[in-house]
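Everything on this sheet refers to the single structure shown next.
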Amino acid sequence: MTLHQFLMIVVMCACIIFLRAFPFIVFQDMTKKTPPLLLYLGRVLTAAAIAMLVVYSIASVCDFKNPDYMRLFWMTPAILVTILLQWFIKNSLISIVGGTAVYMICIQLIA
Amino acid sequence: MEQNLSEADTTACNGKASSVLRDAFLAAMPVILGYLTMGTAFGVLLVQQVPNSNALWALGFSPFALSGSMQFASVEMLKNASMYSLFMTLVLALLINIRYCVYGLPFLRLFRCYPWYLRYYLIFNLTDETYAIEVSSKRHGKQQRNFFILVSTFDYLSWIGGTVLGALIGSHLPFPTDGIDFAMVALFVVILVDLCREKANRFPALVGALSTALVIALAMLLCPQFANKSLLVAMMLMTAILLAKRPKDAKGGDAQ
């Protein structure tokens, strides 16, 4: 490892730690009240961010730099199964294992 | 911390240590599997791509970065280290990871009640997946605290373990587990389904999904090399839309 590579890693780690701590640094003194705007954002951004991560993880599983559209295609039944299992059975582990099994079977055996 | 989830985890939690442990382990299970797999993939990639790198790199990097998106991007940067100045590294690291700076918002009040070392530990552990599990937890008090500590620790150890393992086994990896990375997608889908049982969350979720899909599609069409920065743009877009659509009588961030 060169010194430069070591420093790059240090910079990257520092950035991540800083970003994660950011809201706690900026809003340090507000022990009593958080501004309504912020609470609003904290509330709506939760659902928006999870939805973002759904789309982003789909894109990254089918590798958006070199898109594999068969993977994208087989994700449709897998995601539907996951949604249905979760909506009706309400057990996260069953939904995740079920959906993942459908996807793995599809891409390994059929595709 | 009021969470608007209904019936997210029906796993029994009656306050006994063993049941919190079991509860947290079950909740973290998909992330543990995902992190072991993704971590292994990162470790393999690292030693294959970056000359003279070894498992010690993973062991030194992962515990402090704890970020898949950053670490995967870092492989390319470390490989061509001479092309990246420290300033460039700084800018890229901030861009790639900017989403982390809102993950703390839902926990601002809650974490302040915790002792400082616990606060720092939990803040540092706010990865995409750990955040997603914690933000959807509807536990309370001490149970909530223990659940957070355990989930963070399981996720933390499995990521480090995965990356070191991957770096150790390098290129000799005979895995018939193609497609197991879908577990991450499924995890996010499950959390979104639970959030969407609450009507107030459906519009923000739709905005988030459409903004991201739009930005990623545009990035893929126009400039694929920027596709991995699309999270930043998507996040700005959805924040702008949600701010514009903010209820007029806006005392009400606390509507719930």
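As shown in the structure tokens, the chain order sets the letters A, B, ...; within each chain, residues go from 1, and ligands are also counted from 1 in the order they appear.
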
Should the cut-off be 6 Å, what would the residue list for chain B against chain A look like, counting only C-alpha atoms, as a ChimeraX atom specification? /B:64-65,93,100-101,104-106,179,182-183,185-186,188,201,204-205,208-209,212,224,253

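Among the candidate residues B:Pro30, B:Gly68, B:Gly141, B:Gly39, the one lying nearest to Ala55 in chain B is B:Gly39, with distances computed using only C-alpha atoms.
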
Could you pull out the residues in range 2-59 of chain A that DSSP calls alpha helix (DSSP H) from the backbone, as a count of residues only? 48

Got a sec: who's within 12 Å of Trp159 in chain B, counting only C-alpha atoms, leaving out chain neighbours fewer than 6 positions off, as a ChimeraX atom specification? /B:28,31-43,58-59,61-68,71,125,127,129-130,152-153,165-166

Hey, can you spit out that residue selection with C-alpha atoms as a PDB file, in the first residue's frame?
```pdb
ATOM      1  CA  ALA B  28     -30.893  -8.782  10.764  1.00  0.00           C
ATOM      2  CA  VAL B  31     -28.803  -8.216   5.987  1.00  0.00           C
ATOM      3  CA  ILE B  32     -26.291 -10.662   7.467  1.00  0.00           C
ATOM      4  CA  LEU B  33     -26.689 -12.902   4.393  1.00  0.00           C
ATOM      5  CA  GLY B  34     -26.563  -9.900   2.072  1.00  0.00           C
ATOM      6  CA  TYR B  35     -23.514  -8.373   3.781  1.00  0.00           C
ATOM      7  CA  LEU B  36     -21.639 -11.664   3.829  1.00  0.00           C
ATOM      8  CA  THR B  37     -22.297 -12.056   0.111  1.00  0.00           C
ATOM      9  CA  MET B  38     -21.686  -8.449  -0.894  1.00  0.00           C
ATOM     10  CA  GLY B  39     -18.723  -8.220   1.474  1.00  0.00           C
ATOM     11  CA  THR B  40     -17.191 -11.334  -0.021  1.00  0.00           C
ATOM     12  CA  ALA B  41     -17.731  -9.884  -3.480  1.00  0.00           C
ATOM     13  CA  PHE B  42     -15.947  -6.691  -2.422  1.00  0.00           C
ATOM     14  CA  GLY B  43     -13.036  -8.606  -0.887  1.00  0.00           C
ATOM     15  CA  ALA B  58     -10.187  -5.142   3.988  1.00  0.00           C
ATOM     16  CA  LEU B  59      -9.611  -5.559   7.711  1.00  0.00           C
ATOM     17  CA  PHE B  61     -10.922  -0.391   5.631  1.00  0.00           C
ATOM     18  CA  SER B  62     -14.265  -2.072   6.384  1.00  0.00           C
ATOM     19  CA  PRO B  63     -14.521  -1.362  10.134  1.00  0.00           C
ATOM     20  CA  PHE B  64     -14.176   2.394   9.497  1.00  0.00           C
ATOM     21  CA  ALA B  65     -16.032   2.797   6.196  1.00  0.00           C
ATOM     22  CA  LEU B  66     -18.799   0.238   6.553  1.00  0.00           C
ATOM     23  CA  SER B  67     -20.261   1.205   3.220  1.00  0.00           C
ATOM     24  CA  GLY B  68     -20.808  -1.021   0.219  1.00  0.00           C
ATOM     25  CA  GLN B  71     -15.975   0.492  -0.895  1.00  0.00           C
ATOM     26  CA  ASN B 125     -23.617   2.114  12.088  1.00  0.00           C
ATOM     27  CA  THR B 127     -25.785   1.981   6.778  1.00  0.00           C
ATOM     28  CA  GLU B 129     -29.745  -1.615   5.571  1.00  0.00           C
ATOM     29  CA  THR B 130     -29.266  -0.984   9.285  1.00  0.00           C
ATOM     30  CA  SER B 152     -25.972  -2.811  14.363  1.00  0.00           C
ATOM     31  CA  THR B 153     -23.475  -5.306  15.732  1.00  0.00           C
ATOM     32  CA  LEU B 165     -13.283 -13.614   3.832  1.00  0.00           C
ATOM     33  CA  GLY B 166     -13.564 -12.441   0.237  1.00  0.00           C
TER      34      GLY B 166
END
```

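If you look at CA of Leu232 in chain B and CA of Lys138 in chain B, they are 28.6 Å away from each other.
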
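Note that CA of Ala24 in chain B and CA of Ile149 in chain B are 9.0 Å apart.
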
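The residue that comes closest to Val207 in chain B, out of B:Val233, B:Cys223, B:Leu187, B:Leu242 and on the basis of only C-alpha atoms, is B:Leu242.
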
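Computed from the coordinates, the CA of Phe154 in chain B to CA of Leu192 in chain B distance equals 22.0 Å.
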